[in-house]
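Structure, as structure tokens:
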Amino acid sequence: MFMTEAFAQEAGSAGEGHGDPTEGTHSETSGGAGGHEAGFPPFNSEYFPSQLLWLAVTFGVFYWVLKNVLVPRVGGILENRRDRIALDMEAAERAKQDADEAQAAYEQELAEARERAHSIGQDARNDARSEADAQREKLEAELDARIDESRARIVAAKTAAMGEMNEMATDVAETILRDVVKVDVSRTEVASAVAETRG
Amino acid sequence: MATDPTDPIHQFDIFPLVPIQIGGLDFSFTNSALFMVATAGVTAGFIYYSTRGRGLVPSRLQSMTELTYEFTANMLRDAAGTAGMRFFPFVFSIFTFILVANLIGMFPYFFTVTSHLIVTFALAMMVMSVVVGYGIKKHGVKFFNVFVPEGVPAVLMPLVVLIEIISFLSRPVSLSVRLFANMLAGHITLKVFAGFVVSLSAFGALGVIGSILPFLMAVALTALEFLVAALQAYVFAVLTCLYLNDAVHPGAH
């Protein structure tokens, strides 16, 4: 009480010094805390206890409500949003990764398919070529065989013809010698002579 | 007194609504107390109402609450670091309480709680007692490093410490007087100019014309006072954060 009284007096004297705007009331202010009509309301100590009490009560309750209800509430909302955004970002990241993987798999599969198609074509080509080769070889072998056979037949025919020609020449020579020249020669001698002449 | 409607002091009068006398002291529920209750109620109610949707995507009102919340949180984190965040509910309470008290005072016929020195001084003393109380509880004697800046020559040390102590003790005074004086002066100026309009208008047509200038002045001052109301709440809160930094990190300034 002493403090506030002194304060009020100080306020009053300050008012005196500067010419109190509310005339004639500063004397009451100087009268102390008990004064009913103080000069300048902010320095009127009469209601100091009341203001302090009600400030303490209202601010105390206000602080308690904020600390225990409202700050956690707003903080929770913000936290929630931050978590949600982080979670969504993570999901997006994961989806992007999945997409990347899918694309890589697709590309790999495409490359494999292309390779497979290529090898199938190659195989078909190879098969066709080898089949054609085989057929040609077979045909060639057949033809060769036939040529050989023909050649053999020709040789045989030639040999036969040659044999017959020796026989005929021997006959002719024997006949000439026996019938025209009247030389008696044996057939064997004629034959060897013909053979010698023909080489 | 206060029968004159143009009296600029009248708006600061306190009168009991519910007289309460305890032990010879007057604890009446006054108009000031009513507006304190209104301030706390409006603020808490607004925060509660605006966040009722708990929207992932905030509504406009929820955005206001969230912006104020994050604004205060950044202010405190910048000033006092992460360790200072334990005081967030306290700083948030002070900031919103003073802000809303100042803004409610802008309504005509409403009482401005913060235009009384005892109220702002009580708030400032509350801040200082939190600073000193927490500082000593947390750091013990080391808290008094606040008064001993580093890198000062030993010869000058007593002088510097004396200055630091005086500056520390003057903090609650400057903190409370700044807010109080701004609100008081602003409201008086506003009332004086508005009073000119009323007084001049009583002198007929010429008076009405003459009252245009003070009227424009009153309009401009109203805008200024809204700025001051927000700014002073901000200044009070910022200084509270800076002082709390001393409690959290003594000797670090």
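So you can find residues: chains in the structure tokens are A, B, ... in the order shown, residues in each start at 1, and ligands are numbered from 1 in order.
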I want to know what sits within 12 Å of B:Glu66, based on only C-alpha atoms, with residues of the same chain fewer than 3 positions away left out; could you give that as an MDAnalysis selection string? (chainID A and resid 70:71 73:79 81) or (chainID B and resid 46:48 50:51 54:63 69:74 92)
Within 9 Å of chain A, which residues of chain B show up when using only C-alpha atoms, listed as a VMD selection string? chain B and resid 1 9 to 16 20 25 to 30 32 to 34 36 to 37 39 to 41 43 to 44 47 to 48 51 54 to 57 62 65 to 66 69 88 to 90 92 to 94 97 115 to 119 122 to 123 184
All strand (DSSP E) residues (DSSP, backbone) inside stretch 17-188 of chain B, as a list in words: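 After running DSSP on the backbone, stretch 17-188 of chain B has strand (DSSP E) at Leu17, Val18, Gln21, Ile22, Leu25, Asp26, Phe29 and Thr30 of chain B.
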How far is it from atom CA of B:Val100 to atom CA of B:Met217, in Å with one decimal?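 About the pair atom CA of B:Val100 and atom CA of B:Met217: they are 24.3 Å apart.
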